[in-house]
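A.B. asks: The file below is coords20.txt, compact mmCIF, C-alpha atoms and all ligand atoms:
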```
# COMPACT_ATOMS: atom_id res chain seq x y z
CA VAL A 1316 36.16 99.82 83.55
CA VAL A 1317 37.05 102.70 81.20
CA HIS A 1318 39.44 105.54 82.18
CA ILE A 1319 39.57 108.44 79.71
CA ALA A 1320 42.46 110.88 80.12
CA ALA A 1321 41.01 114.32 81.04
CA VAL A 1322 43.22 116.85 79.28
CA ASN A 1323 43.43 120.08 81.33
CA LYS A 1324 43.33 122.83 78.67
CA ASP A 1325 44.61 125.42 81.18
CA ARG A 1326 47.93 123.61 81.67
CA SER A 1327 50.83 123.55 79.23
CA PHE A 1328 54.17 121.78 78.88
CA ASP A 1329 55.79 124.56 80.95
CA ASP A 1330 53.47 123.91 83.88
CA TYR A 1331 54.47 120.24 83.98
CA GLN A 1332 58.17 121.01 83.36
CA ARG A 1333 57.96 123.32 86.41
CA ILE A 1334 56.70 120.42 88.54
CA TYR A 1335 59.40 118.17 87.05
CA ASN A 1336 62.05 120.74 88.01
CA THR A 1337 60.67 121.09 91.55
CA ILE A 1338 60.88 117.31 92.04
CA ALA A 1339 64.34 117.12 90.42
CA GLU A 1340 65.71 119.97 92.58
CA LYS A 1341 64.27 118.31 95.70
CA ILE A 1342 65.94 114.99 94.77
CA ARG A 1343 69.23 116.89 94.33
CA GLU A 1344 68.80 118.79 97.63
CA GLU A 1345 67.75 115.87 99.84
CA ASP A 1346 70.72 113.68 98.87
CA GLU A 1347 71.32 112.15 102.33
CA TYR A 1348 68.15 110.01 102.27
CA ASP A 1349 68.70 106.25 102.80
CA GLY A 1350 72.46 106.39 103.29
CA TYR A 1351 72.99 108.88 100.46
CA ILE A 1352 71.12 106.80 97.90
CA GLY A 1353 68.63 109.67 97.70
CA TYR A 1354 64.94 109.72 96.81
CA GLY A 1355 65.29 108.73 93.12
CA PRO A 1356 64.88 104.97 93.51
CA ILE A 1357 61.90 105.12 95.87
CA LEU A 1358 60.15 107.63 93.56
CA VAL A 1359 60.55 105.12 90.73
CA ARG A 1360 59.05 102.46 93.02
CA LEU A 1361 56.12 104.76 93.96
CA GLY A 1362 55.25 105.25 90.27
CA TRP A 1363 55.66 101.54 89.55
CA HIS A 1364 53.53 100.40 92.52
CA SER A 1365 50.85 102.98 91.66
CA SER A 1366 50.66 101.30 88.23
CA GLY A 1367 51.40 97.67 89.12
CA THR A 1368 47.87 96.95 90.39
CA TYR A 1369 46.62 96.98 86.78
CA ASP A 1370 44.73 93.94 85.49
CA LYS A 1371 44.33 93.71 81.71
CA ASN A 1372 41.47 91.22 82.11
CA ASP A 1373 39.00 93.82 83.42
CA ASN A 1374 41.05 97.01 82.98
CA THR A 1375 40.96 97.69 86.74
CA GLY A 1376 43.79 99.09 88.88
CA GLY A 1377 46.68 101.07 87.46
CA SER A 1378 47.81 104.67 87.98
CA TYR A 1379 44.72 106.57 86.72
CA GLY A 1380 42.70 107.00 89.95
CA GLY A 1381 45.56 107.88 92.29
CA THR A 1382 44.29 105.28 94.79
CA MET A 1383 47.80 104.99 96.29
CA ARG A 1384 46.72 108.03 98.34
CA PHE A 1385 44.33 105.84 100.35
CA LYS A 1386 45.38 103.84 103.41
CA LEU A 1387 43.81 100.66 102.03
CA GLU A 1388 46.36 100.51 99.19
CA GLN A 1389 49.13 101.80 101.47
CA SER A 1390 48.42 98.89 103.84
CA ASP A 1391 49.45 96.31 101.22
CA GLY A 1392 52.70 94.88 102.62
CA ALA A 1393 54.26 95.24 99.18
CA ASN A 1394 53.98 99.01 99.69
CA ASN A 1395 55.92 99.08 102.97
CA GLY A 1396 58.31 102.03 103.03
CA LEU A 1397 56.58 104.02 100.27
CA GLY A 1398 55.29 106.45 102.91
CA ASN A 1399 58.69 108.15 102.57
CA ALA A 1400 58.06 108.74 98.86
CA ARG A 1401 54.52 110.02 99.51
CA ALA A 1402 55.88 112.37 102.21
CA PHE A 1403 58.45 113.66 99.70
CA MET A 1404 55.55 114.48 97.33
CA GLU A 1405 53.31 116.22 99.92
CA PRO A 1406 54.88 119.71 99.57
CA ILE A 1407 54.74 119.35 95.77
CA LEU A 1408 50.99 118.65 95.95
CA LYS A 1409 50.60 121.77 98.16
CA GLU A 1410 52.49 123.95 95.69
CA PHE A 1411 50.69 122.51 92.64
CA PRO A 1412 47.19 121.55 93.89
CA TRP A 1413 45.92 121.33 90.31
CA ILE A 1414 47.76 118.09 89.52
CA SER A 1415 46.15 114.69 90.19
CA HIS A 1416 47.91 112.14 92.42
CA GLY A 1417 48.17 109.70 89.51
CA ASP A 1418 49.81 112.30 87.29
CA LEU A 1419 52.16 113.43 90.08
CA TYR A 1420 53.30 109.96 91.14
CA THR A 1421 53.99 108.87 87.55
CA LEU A 1422 55.64 112.20 86.70
CA GLY A 1423 57.89 111.74 89.75
CA ALA A 1424 58.97 108.29 88.52
CA VAL A 1425 59.79 109.62 85.04
CA CYS A 1426 61.69 112.54 86.63
CA ALA A 1427 63.73 110.15 88.81
CA VAL A 1428 64.67 107.85 85.88
CA GLN A 1429 65.81 110.82 83.79
CA GLU A 1430 67.65 112.65 86.60
CA LEU A 1431 69.52 109.43 87.46
CA GLN A 1432 70.91 109.44 83.88
CA GLY A 1433 68.39 106.94 82.54
CA PRO A 1434 66.59 107.20 79.19
CA LYS A 1435 64.03 109.88 78.29
CA VAL A 1436 60.57 108.53 79.10
CA LYS A 1437 57.52 110.06 77.36
CA TRP A 1438 54.76 111.17 79.74
CA ARG A 1439 51.10 112.11 79.16
CA PRO A 1440 48.87 113.99 81.68
CA GLY A 1441 45.19 113.26 82.25
CA ARG A 1442 44.85 110.88 85.19
CA VAL A 1443 41.89 111.80 87.45
CA ASP A 1444 41.67 111.14 91.21
CA MET A 1445 38.96 108.54 91.81
CA PRO A 1446 37.02 107.83 95.05
CA GLU A 1447 38.30 105.42 97.71
CA ASP A 1448 35.79 102.71 96.76
CA THR A 1449 37.55 102.30 93.40
CA THR A 1450 40.76 101.17 95.16
CA PRO A 1451 41.76 97.69 93.95
CA LYS A 1452 41.99 95.00 96.64
CA ASN A 1453 45.46 94.38 98.08
CA GLY A 1454 47.48 91.45 96.74
CA ARG A 1455 47.95 92.48 93.11
CA LEU A 1456 51.62 93.49 93.49
CA PRO A 1457 54.28 90.81 92.94
CA ASP A 1458 55.86 88.55 95.59
CA ALA A 1459 59.64 88.10 95.30
CA ALA A 1460 59.71 84.47 96.53
CA ASN A 1461 58.92 82.99 93.13
CA GLY A 1462 60.45 81.69 89.90
CA ALA A 1463 60.23 82.31 86.17
CA ASP A 1464 56.73 80.92 85.54
CA TYR A 1465 55.31 83.21 88.23
CA VAL A 1466 57.22 86.20 86.80
CA ARG A 1467 55.96 85.54 83.25
CA ASN A 1468 52.40 85.11 84.48
CA PHE A 1469 52.55 88.23 86.66
CA TYR A 1470 53.79 90.46 83.83
CA ALA A 1471 51.20 88.99 81.44
CA ARG A 1472 48.49 90.52 83.67
CA LEU A 1473 50.15 93.89 83.03
CA ASN A 1474 50.14 93.11 79.30
CA MET A 1475 53.96 92.85 79.25
CA ASN A 1476 55.91 90.28 77.16
CA ASP A 1477 59.27 88.65 78.04
CA ARG A 1478 61.38 91.53 76.69
CA GLU A 1479 59.29 94.11 78.57
CA ALA A 1480 59.39 92.01 81.77
CA VAL A 1481 63.20 91.79 81.67
CA ALA A 1482 63.59 95.49 80.86
CA LEU A 1483 61.24 96.59 83.67
CA THR A 1484 63.05 94.43 86.23
CA GLY A 1485 66.26 96.21 85.15
CA ALA A 1486 65.06 99.12 87.32
CA HIS A 1487 66.57 97.08 90.15
CA CYS A 1488 69.78 98.84 89.13
CA LEU A 1489 68.42 101.48 91.53
CA GLY A 1490 68.18 101.51 95.30
CA ARG A 1491 68.10 98.52 97.56
CA THR A 1492 65.95 96.17 99.61
CA HIS A 1493 65.36 96.98 103.28
CA LEU A 1494 64.77 94.26 105.86
CA LYS A 1495 62.16 96.37 107.69
CA ASN A 1496 60.19 96.93 104.47
CA SER A 1497 60.26 93.63 102.60
CA GLY A 1498 62.32 91.19 104.67
CA PHE A 1499 65.09 91.27 102.08
CA ASP A 1500 68.53 92.68 102.72
CA GLY A 1501 71.03 94.62 100.61
CA PRO A 1502 72.84 95.10 98.32
CA TRP A 1503 75.59 96.73 100.25
CA GLY A 1504 78.20 99.22 99.17
CA ALA A 1505 77.15 99.57 95.56
CA ALA A 1506 76.23 103.16 94.75
CA SER A 1507 72.79 102.46 93.36
CA ASN A 1508 71.51 105.85 92.30
CA SER A 1509 72.37 105.89 88.63
CA PHE A 1510 70.28 104.19 86.00
CA THR A 1511 72.45 101.68 84.11
CA ASN A 1512 72.38 98.07 82.82
CA GLU A 1513 74.42 97.01 85.88
CA PHE A 1514 71.64 94.75 87.15
CA PHE A 1515 72.02 92.52 84.07
CA VAL A 1516 75.83 92.60 84.19
CA ASN A 1517 75.76 91.52 87.84
CA LEU A 1518 73.26 88.73 87.12
CA LEU A 1519 75.71 87.25 84.58
CA ASN A 1520 79.07 88.03 86.19
CA GLU A 1521 78.63 87.44 89.92
CA GLN A 1522 78.65 84.08 91.67
CA TRP A 1523 75.26 83.68 93.31
CA LYS A 1524 74.47 81.62 96.36
CA LEU A 1525 70.87 81.03 97.45
CA GLN A 1526 70.66 81.37 101.22
CA LYS A 1527 68.34 82.30 104.01
CA ASN A 1528 68.76 85.91 105.14
CA LYS A 1529 68.50 87.08 108.74
CA ALA A 1530 64.74 87.54 108.37
CA GLY A 1531 64.47 83.88 107.31
CA ASN A 1532 63.75 84.68 103.64
CA MET A 1533 65.61 83.14 100.70
CA GLN A 1534 67.72 85.45 98.55
CA TYR A 1535 70.80 85.13 96.33
CA ASP A 1536 73.97 86.77 97.67
CA SER A 1537 77.32 87.39 95.96
CA PRO A 1538 80.84 87.69 97.48
CA LYS A 1539 80.90 91.40 96.52
CA GLY A 1540 77.81 92.09 98.66
CA TYR A 1541 75.30 92.18 95.82
CA MET A 1542 71.95 90.39 96.15
CA MET A 1543 69.20 89.13 93.90
CA LEU A 1544 65.61 88.33 94.76
CA GLU A 1545 64.38 84.93 93.59
CA THR A 1546 62.28 86.75 90.96
CA ASP A 1547 65.43 88.60 89.85
CA TYR A 1548 67.45 85.39 89.55
CA ALA A 1549 64.60 83.76 87.62
CA LEU A 1550 65.72 85.91 84.68
CA VAL A 1551 68.87 83.77 84.25
CA GLN A 1552 67.16 80.47 85.06
CA ASP A 1553 64.67 80.70 82.20
CA PRO A 1554 66.26 80.31 78.72
CA ALA A 1555 64.00 82.87 77.01
CA TYR A 1556 64.66 85.47 79.73
CA LEU A 1557 68.40 84.65 79.78
CA LYS A 1558 68.77 85.51 76.08
CA ILE A 1559 67.33 89.00 76.76
CA VAL A 1560 69.44 89.48 79.92
CA LYS A 1561 72.55 88.81 77.81
CA GLU A 1562 71.46 91.31 75.16
CA PHE A 1563 70.85 94.05 77.73
CA ALA A 1564 74.09 93.27 79.62
CA ASN A 1565 76.01 93.75 76.36
CA ASN A 1566 74.01 96.64 74.92
CA GLU A 1567 72.93 99.33 77.38
CA GLY A 1568 71.30 101.29 74.54
CA ALA A 1569 68.99 98.37 73.74
CA PHE A 1570 68.03 98.19 77.43
CA PHE A 1571 67.38 101.95 77.58
CA LYS A 1572 65.23 101.86 74.42
CA GLU A 1573 63.09 98.99 75.70
CA PHE A 1574 62.83 100.41 79.22
CA ALA A 1575 61.73 103.84 77.93
CA SER A 1576 58.83 102.33 75.99
CA CYS A 1577 57.63 99.73 78.50
CA PHE A 1578 57.93 102.05 81.52
CA GLN A 1579 55.65 104.54 79.72
CA LYS A 1580 53.32 101.64 78.87
CA LEU A 1581 53.33 100.51 82.54
CA LEU A 1582 52.49 104.00 83.80
CA GLU A 1583 49.69 104.39 81.23
CA ASN A 1584 48.11 100.92 81.46
CA GLY A 1585 44.31 101.18 81.58
CA ILE A 1586 44.08 104.76 80.30
CA ASP A 1587 42.45 105.79 76.99
CA TYR A 1588 44.02 108.96 75.61
CA PRO A 1589 42.01 111.22 73.25
CA LYS A 1590 43.90 111.95 70.02
CA ASP A 1591 44.41 115.59 71.07
CA ALA A 1592 46.11 114.55 74.34
CA PRO A 1593 49.67 115.96 74.46
CA THR A 1594 52.78 113.82 74.92
CA TYR A 1595 55.64 115.45 76.86
CA VAL A 1596 59.39 114.72 76.94
CA PHE A 1597 60.82 116.68 79.85
CA LYS A 1598 64.24 118.31 79.88
CA THR A 1599 66.63 117.27 82.65
CA LEU A 1600 68.02 119.93 85.01
CA ASP A 1601 71.40 119.51 83.30
CA GLU A 1602 69.85 120.18 79.89
CA GLN A 1603 68.38 123.42 81.29
CA ASP A 1604 71.72 124.39 82.90
CA LEU A 1605 69.94 124.35 86.27
C1 LIG B 1 58.50 90.55 89.92
C2 LIG B 1 58.58 91.89 89.98
C3 LIG B 1 59.18 92.63 91.15
C4 LIG B 1 59.36 92.23 92.45
C5 LIG B 1 58.98 90.90 93.11
C6 LIG B 1 60.00 93.35 93.14
C7 LIG B 1 60.36 93.34 94.48
C8 LIG B 1 61.03 94.36 95.13
C9 LIG B 1 61.41 94.33 96.52
C10 LIG B 1 61.10 93.21 97.51
C11 LIG B 1 62.05 95.51 96.79
C12 LIG B 1 62.63 95.97 98.13
C13 LIG B 1 61.67 96.94 98.81
C14 LIG B 1 62.28 97.40 100.14
O1 LIG B 1 62.66 96.49 100.93
O2 LIG B 1 62.39 98.62 100.38
C15 LIG B 1 62.10 96.26 95.56
C16 LIG B 1 62.69 97.50 95.42
C17 LIG B 1 62.67 98.25 94.26
N1 LIG B 1 61.98 97.94 93.11
FE1 LIG B 1 61.17 96.14 92.66
N2 LIG B 1 60.21 94.39 92.27
C18 LIG B 1 59.70 94.00 91.05
C19 LIG B 1 59.66 94.77 89.89
C20 LIG B 1 60.03 96.11 89.83
C21 LIG B 1 59.74 96.99 88.71
C22 LIG B 1 58.95 96.57 87.46
C23 LIG B 1 60.30 98.21 89.01
C24 LIG B 1 60.31 99.48 88.21
C25 LIG B 1 60.19 99.55 86.88
C26 LIG B 1 60.92 98.08 90.32
C27 LIG B 1 61.62 99.08 90.96
C28 LIG B 1 62.16 98.98 92.23
C29 LIG B 1 63.05 99.97 92.82
C30 LIG B 1 63.54 101.26 92.15
C31 LIG B 1 63.37 99.51 94.10
C32 LIG B 1 64.28 100.19 95.13
C33 LIG B 1 63.46 101.04 96.07
C34 LIG B 1 64.29 101.67 97.19
O3 LIG B 1 65.54 101.69 97.07
O4 LIG B 1 63.68 102.16 98.18
N3 LIG B 1 60.74 96.80 90.79
N4 LIG B 1 61.47 95.54 94.56
C1 LIG B 2 72.35 95.98 90.64
C2 LIG B 2 72.59 95.85 92.13
N1 LIG B 2 71.54 96.60 92.84
C3 LIG B 2 71.73 98.05 93.07
C4 LIG B 2 73.19 98.40 93.24
C5 LIG B 2 70.33 95.99 93.17
N2 LIG B 2 70.21 94.68 92.91
C6 LIG B 2 69.01 94.09 93.18
N3 LIG B 2 68.87 92.78 92.93
C7 LIG B 2 67.89 94.82 93.70
C8 LIG B 2 66.64 94.23 93.96
C9 LIG B 2 65.59 95.03 94.44
C10 LIG B 2 65.80 96.38 94.67
C11 LIG B 2 67.03 96.96 94.42
C12 LIG B 2 68.11 96.19 93.94
N4 LIG B 2 69.33 96.76 93.67
```
Let me see the file written as structure tokens.
Ligand code: HEM
Ligand SMILES: CCN(CC)c1nc(N)c2ccccc2n1

C.D. replies:
Amino acid sequence: VVHIAAVNKDRSFDDYQRIYNTIAEKIREEDEYDGYIGYGPILVRLGWHSSGTYDKNDNTGGSYGGTMRFKLEQSDGANNGLGNARAFMEPILKEFPWISHGDLYTLGAVCAVQELQGPKVKWRPGRVDMPEDTTPKNGRLPDAANGADYVRNFYARLNMNDREAVALTGAHCLGRTHLKNSGFDGPWGAASNSFTNEFFVNLLNEQWKLQKNKAGNMQYDSPKGYMMLETDYALVQDPAYLKIVKEFANNEGAFFKEFASCFQKLLENGIDYPKDAPTYVFKTLDEQDL
């Protein structure tokens, strides 16, 4: 499968910055969502799950075709709860009908990372909505009840190495798990709507106890009410991963630099960009004094 980015000559940086600002202002306005966590984290998850179906072996899946708009992909249990993020995006699609779903969902994820004080993430337009029959089969997204070998193997399918795998999982500094969505619970209390290296600091500094949660699933819990999925905790069980966790826990800048590059790579997996395709770095609302 080959997906060539279709550069829309009628649209400029300003058009996409306008969409960015609309999303960012809506995140700021609708701050009560999910116990005042807000929409940022779930918008990051929408962009990630739109891209996480990619398979480097045949170049199928990924964000290009916007197949997350179809109920087949939405019915994958791993996507439970993302209807809230898609509903958030509906009015944006109405106001800007010229943008593809793949471009919008990935732009929303970049907007959320940046507005939650994360690193600047480069973004390129050109994804084209594809027909329903191009939707990848369910089952390509990861399952949390696994260890380090599974994690390494999963990320390899997305063409991500150990450093990229650890950095990407660092997005679990945002938001929380919801029993009704995934059967995992927590964390509690922690304000999880700013993008930091806290996930790595917690992994190293908290005491973790593996236990069955009230849905009967295994997760690691800490006395302070933090939690880790088994695939999160795998990052301190595996010596190669642990070395990177320590680096990122002690150097937030190194984490930000790696996250910025591999998140862009994740969102662009499977797409060939012509050399004249533009690359955008959006301004935050703060930088525009908005
Ligand atoms: C082995 C890989 C991964 C597994 C097994 C995994 C699993 C999960 C699970 C079970 C949840 C809870 C969903 C819910 O109950 O609402 C979750 C939430 C989340 N994940 Fe991951 N994840 C993985 C990698 C990633 C990556 C690569 C990113 C982004 C770069 C990411 C971003 C998020 C965010 C932001 C949330 C919070 C969403 C919210 O608060 O609604 N995850 N993840
Ligand atoms: C770093 C602790 N937090 C957020 C305060 C956290 N920890 C996690 N382990 C986590 C796992 C999946 C989704 C969100 C998550 N959030």

A.B. asks: Counting only C-alpha atoms, which residue out of A:Glu1479, A:Asn1394, A:Tyr1331, A:Phe1515 sits closest to Trp1413 in chain A?

C.D. replies: A:Tyr1331

A.B. asks: Given a cut-off of 7 Å, what residues near ligand LIG 2 (chain B) show up using only C-alpha atoms and all ligand atoms, put as an MDAnalysis selection string?

C.D. replies: chainID A and resid 1487:1492 1502 1505:1507 1513:1514 1517 1541:1544 1547

A.B. asks: Counting only C-alpha atoms, which residue out of A:Ser1327, A:Gln1389, A:Gln1332, A:Thr1421 sits closest to Val1359 in chain A?

C.D. replies: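 Using only C-alpha atoms, Val1359 in chain A sits closest to A:Thr1421.
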
A.B. asks: Using only C-alpha atoms for the distances, tell me which of A:Val1443, A:Cys1426, A:Met1475, A:Met1404 is nearest to Asp1370 in chain A.

C.D. replies: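 That would be A:Met1475, the residue with the smallest distance to Asp1370 in chain A.
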
A.B. asks: Restricting the calculation to only C-alpha atoms: of A:Phe1499, A:Tyr1354, A:Phe1411, A:Phe1403, which residue gets closest to Ile1334 in chain A?

C.D. replies: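 Ranking A:Phe1499, A:Tyr1354, A:Phe1411, A:Phe1403 by distance to Ile1334 in chain A, first place goes to A:Phe1411.
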
A.B. asks: So that each row is one residue of chain A with an atom at most 6 Å from ligand LIG 1 (chain B), can you give its shortest atom pair and the distance in Å to one decimal, using all atoms listed in the file, rows by chain and rising number, as a tab-separated table?

C.D. replies:
```
residue	atom	partner	partner_atom	distance
A:Pro1356	CA	B:LIG1	C30	4.2
A:Ile1357	CA	B:LIG1	O4	4.2
A:Val1359	CA	B:LIG1	C30	5.1
A:Arg1360	CA	B:LIG1	C29	4.7
A:Trp1363	CA	B:LIG1	C24	5.3
A:Gly1396	CA	B:LIG1	O2	5.9
A:Pro1457	CA	B:LIG1	C5	4.7
A:Asp1458	CA	B:LIG1	C5	4.6
A:Ala1459	CA	B:LIG1	C5	3.6
A:Val1466	CA	B:LIG1	C1	5.5
A:Leu1483	CA	B:LIG1	C22	4.4
A:Thr1484	CA	B:LIG1	C22	4.8
A:Ala1486	CA	B:LIG1	C24	4.8
A:His1487	CA	B:LIG1	C28	5.2
A:Leu1489	CA	B:LIG1	C30	4.9
A:Gly1490	CA	B:LIG1	O3	3.2
A:Arg1491	CA	B:LIG1	O3	4.1
A:Thr1492	CA	B:LIG1	O1	3.6
A:His1493	CA	B:LIG1	O1	3.6
A:Leu1494	CA	B:LIG1	O1	5.8
A:Asn1496	CA	B:LIG1	O1	4.3
A:Ser1497	CA	B:LIG1	O1	4.1
A:Phe1499	CA	B:LIG1	O1	5.9
A:Thr1546	CA	B:LIG1	C1	5.5
```

A.B. asks: Please, could you write that set of residues out with C-alpha atoms as a compact mmCIF listing (two decimals), in the coordinates of the input?

C.D. replies:
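What ended up in out31.txt:
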```
# COMPACT_ATOMS: atom_id res chain seq x y z
CA PRO A 1356 64.88 104.97 93.51
CA ILE A 1357 61.90 105.12 95.87
CA VAL A 1359 60.55 105.12 90.73
CA ARG A 1360 59.05 102.46 93.02
CA TRP A 1363 55.66 101.54 89.55
CA GLY A 1396 58.31 102.03 103.03
CA PRO A 1457 54.28 90.81 92.94
CA ASP A 1458 55.86 88.55 95.59
CA ALA A 1459 59.64 88.10 95.30
CA VAL A 1466 57.22 86.20 86.80
CA LEU A 1483 61.24 96.59 83.67
CA THR A 1484 63.05 94.43 86.23
CA ALA A 1486 65.06 99.12 87.32
CA HIS A 1487 66.57 97.08 90.15
CA LEU A 1489 68.42 101.48 91.53
CA GLY A 1490 68.18 101.51 95.30
CA ARG A 1491 68.10 98.52 97.56
CA THR A 1492 65.95 96.17 99.61
CA HIS A 1493 65.36 96.98 103.28
CA LEU A 1494 64.77 94.26 105.86
CA ASN A 1496 60.19 96.93 104.47
CA SER A 1497 60.26 93.63 102.60
CA PHE A 1499 65.09 91.27 102.08
CA THR A 1546 62.28 86.75 90.96
```

A.B. asks: Using all atoms listed in the file, which residue out of A:Gly1531, A:Gly1355, A:Gly1498, A:Pro1451 lies closest to Lys1386 in chain A?

C.D. replies: A:Pro1451

A.B. asks: CA of Leu1519 in chain A to CA of Asp1553 in chain A: how many Å, to one decimal?

C.D. replies: 13.1 Å

A.B. asks: Hey, can you check how far CA of Phe1563 in chain A sits from CA of Ala1482 in chain A?

C.D. replies: 8.0 Å

A.B. asks: Just give me the gap between CA of Asp1373 in chain A and CA of Val1316 in chain A in Å, one decimal is fine.

C.D. replies: 6.6 Å

A.B. asks: Of the candidates A:Asn1372, A:Thr1337, A:Asn1508, A:Ser1366, which shows the shortest atom-to-atom distance to Tyr1351 in chain A, using only C-alpha atoms?

C.D. replies: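 Using only C-alpha atoms, Tyr1351 in chain A sits closest to A:Asn1508.
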
A.B. asks: Fewer than 3 positions away in the same chain doesn't count, so skip those; otherwise give me all residues within 12 Å of Leu1600 in chain A, counting all atoms listed in the file, as a list in words.

C.D. replies: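 So the residues in contact are Gln1332, Arg1333, Ile1334, Tyr1335, Asn1336, Thr1337, Ile1338, Ala1339, Glu1340, Lys1341, Ile1342, Arg1343, Cys1426, Ala1427, Gln1429, Glu1430, Leu1431, Gln1432, Phe1597, Gln1603, Asp1604 and Leu1605 of chain A.
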
A.B. asks: Hey, what's within 10 Å of Pro1434 in chain A if we count only C-alpha atoms and toss same-chain stuff fewer than 2 positions away? As a ChimeraX atom specification, please?

C.D. replies: /A:1425,1428-1432,1436-1437,1510-1511,1568,1570-1576

A.B. asks: Please report, as JSON, the centre and edge lengths in Å to one decimal of an axis-aligned box covering all listed atoms of range 1334-1340 of chain A with 5 Å per side.

C.D. replies:
```
{"center_x": 61.2, "center_y": 119.1, "center_z": 89.8, "size_x": 19.0, "size_y": 14.0, "size_z": 15.5}
```

A.B. asks: Compile the contact shell of range 1580-1587 of chain A as a tab-separated table (two decimals) with C-alpha atoms, keeping the file's coordinate frame: residues with an atom at most 8 Å away, counting only C-alpha atoms, same-chain residues fewer than 2 positions apart removed.

C.D. replies:
```tsv
chain	number	residue	atom	x	y	z
A	1317	VAL	CA	37.05	102.70	81.20
A	1318	HIS	CA	39.44	105.54	82.18
A	1319	ILE	CA	39.57	108.44	79.71
A	1320	ALA	CA	42.46	110.88	80.12
A	1362	GLY	CA	55.25	105.25	90.27
A	1363	TRP	CA	55.66	101.54	89.55
A	1366	SER	CA	50.66	101.30	88.23
A	1367	GLY	CA	51.40	97.67	89.12
A	1369	TYR	CA	46.62	96.98	86.78
A	1371	LYS	CA	44.33	93.71	81.71
A	1374	ASN	CA	41.05	97.01	82.98
A	1375	THR	CA	40.96	97.69	86.74
A	1376	GLY	CA	43.79	99.09	88.88
A	1377	GLY	CA	46.68	101.07	87.46
A	1378	SER	CA	47.81	104.67	87.98
A	1379	TYR	CA	44.72	106.57	86.72
A	1421	THR	CA	53.99	108.87	87.55
A	1442	ARG	CA	44.85	110.88	85.19
A	1473	LEU	CA	50.15	93.89	83.03
A	1576	SER	CA	58.83	102.33	75.99
A	1577	CYS	CA	57.63	99.73	78.50
A	1578	PHE	CA	57.93	102.05	81.52
A	1589	PRO	CA	42.01	111.22	73.25
```
